[in-house]
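This report concerns only the one structure given below.
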Amino acid sequence: MWSRMREDISTIFENDPAARSTFEVIFTYSGLHALWSHRIAHWFYKRHMFTIARAISQINRFMTGIEIHPGAKIGRRFFIDHGMGVVIGETCEIGDDVVLYQGVTLGGTGKEKGKRHPTIGSNVVIGSGAKVLGSFTVGSNSRIGANAVVLQEVPPNSTVVGNPGKIVKRDGVRVNKLDHNRLPDPVIELCNHLQGQIDELKQQVKEAQHAQIRNGGTREHDPQSV
């Protein structure tokens, strides 16, 4: 137990440059408090003491602003940055080395029974306000952009942005956890593509007008030629 707690503290130092001391991390990081409380609640949940587990979960929610259902399974070196508004559902499974930012929801669609929450692979980072909804898998080494709404499976090594979420990058390179703000913008890329086509059409129209003038196609409409 103590080794896991030390590992949790070390994870914060690895992911948060604002962390200054172990004392500060232990007493002021709500994500760490939420994780430790969840482990206690999950212990009771696995032993079918559901009421006690939910009570601990609700106290945890009141104290930290982070709601983790006691049935959720969370791997090692899990880090919640800031954390206010984070929601993790009952059947959610989270791998190792996962980072969540504030406002993330790992929830269900309300239409499923049994496994109804997502499975998050290892080395995944999910940006602020993102919603991952449904019983599918987000592959390892992927990242979800801020405010993305993900409703279908994400392959490993992918970057997803937008609402609904769309895969905009998949190259097999492990992402930098602290670089989650540098994401491709598919809207800007589409606008740039359309602007390029417009410029090309304008050039073609100009060339056609010049060719018509050279061939005398506009002389009959020229008042000076009458």
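Scheme for the structure tokens: letters A, B, ... for chains in order shown; per-chain residue numbers from 1; ligand numbers from 1 in order shown.
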
Report task. Determine, counting only C-alpha atoms, which protein, DNA and RNA residues have an atom within 10 Å of an atom of stretch 63-69 of chain A; residues of the same chain fewer than 2 positions away are not included. Present the result as a ChimeraX atom specification. Result -> /A:29-35,37-38,41-42,45,53-54,56-61,71-74,80,82-92,102-106

Query raised in the report: If you run DSSP on this backbone, which residues of stretch 44-199 of chain A come out as alpha helix (DSSP H), and could you give them as a ChimeraX atom specification?
Result: /A:44-46,50-64,186-199

DSSP strand (DSSP E) selection over stretch 54-220 of chain A, as a compact mmCIF listing (two decimals) with C-alpha atoms, in the first residue's frame:
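So the final result, stored in out-v5.txt, reads:
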```txt
# COMPACT_ATOMS: atom_id res chain seq x y z
CA GLU A 67 -17.09 11.77 -8.82
CA ILE A 68 -15.67 8.28 -9.23
CA LYS A 73 -11.34 -0.01 -12.17
CA ILE A 74 -8.31 2.29 -12.28
CA PHE A 79 -3.31 11.43 -12.56
CA ILE A 80 -6.23 13.88 -12.42
CA VAL A 87 -17.04 11.97 -13.61
CA ILE A 88 -16.04 8.30 -13.97
CA GLU A 93 -11.86 0.59 -16.84
CA ILE A 94 -8.72 2.73 -16.96
CA VAL A 99 -4.05 11.61 -17.38
CA LEU A 100 -7.41 13.37 -17.08
CA THR A 105 -16.71 12.62 -18.26
CA LEU A 106 -16.22 8.89 -18.80
CA GLY A 107 -19.89 7.93 -18.94
CA THR A 119 -12.41 1.27 -21.42
CA ILE A 120 -9.39 3.57 -21.51
CA VAL A 125 -4.42 11.77 -22.08
CA ILE A 126 -7.92 13.28 -22.12
CA LYS A 131 -16.81 13.51 -22.95
CA VAL A 132 -16.21 9.84 -23.70
CA LEU A 133 -19.60 8.12 -23.73
CA THR A 137 -12.32 1.24 -26.06
CA VAL A 138 -9.99 4.19 -26.38
CA ARG A 143 -5.19 11.60 -26.76
CA ILE A 144 -8.58 13.24 -26.72
CA VAL A 149 -17.29 14.31 -27.60
CA VAL A 150 -16.24 10.73 -28.35
CA SER A 158 -4.75 8.33 -32.32
CA THR A 159 -5.67 11.96 -31.74
CA VAL A 160 -9.38 12.83 -31.55
CA VAL A 161 -10.91 16.32 -31.61
CA LYS A 166 -13.06 12.68 -35.28
CA ILE A 167 -9.64 11.05 -35.59
CA VAL A 168 -7.26 13.66 -36.98
CA LYS A 169 -3.94 11.97 -36.30
CA ARG A 170 -2.76 8.38 -36.09
```

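Around A:Ala19, within 12 Å and counting only C-alpha atoms, the residues found are Ile9, Ser10, Thr11, Ile12, Phe13, Glu14, Glu24, Val25, Ile26, Phe27, Thr28, Tyr29, Asp81 and His82 of chain A, once anything fewer than 5 positions away on its own chain is removed.
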
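Distance check against A:Thr51 using only C-alpha atoms: of A:Arg39, A:Pro70, A:Asn15, A:Leu190, the minimum falls on A:Pro70.
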
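The smallest atom-to-atom distance between A:Phe78 and any of A:Glu153, A:Asp96, A:Glu7, A:Glu112, using only C-alpha atoms, is found for A:Asp96.
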
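Using only C-alpha atoms, the nearest neighbour of A:Ala146 within the list A:Met49, A:Val124, A:Tyr101, A:Ile188 is A:Tyr101.
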
Requested in this report: Between atom CA of A:Glu189 and atom CA of A:Gly139, measure the distance and give it in Å to one decimal.
Outcome: 25.0 Å

Query raised in the report: What is the distance, in Å and to one decimal place, between atom CA of A:Ser122 and atom CA of A:Thr109?
Result: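 Answer for the atom CA of A:Ser122 to atom CA of A:Thr109 separation: 23.0 Å.
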
Requested in this report: Could you jot down the atom CA of A:Asn141 to atom CA of A:Pro156 separation for me, Å, one decimal place?
Outcome: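 Interatomic distance here is 5.9 Å.
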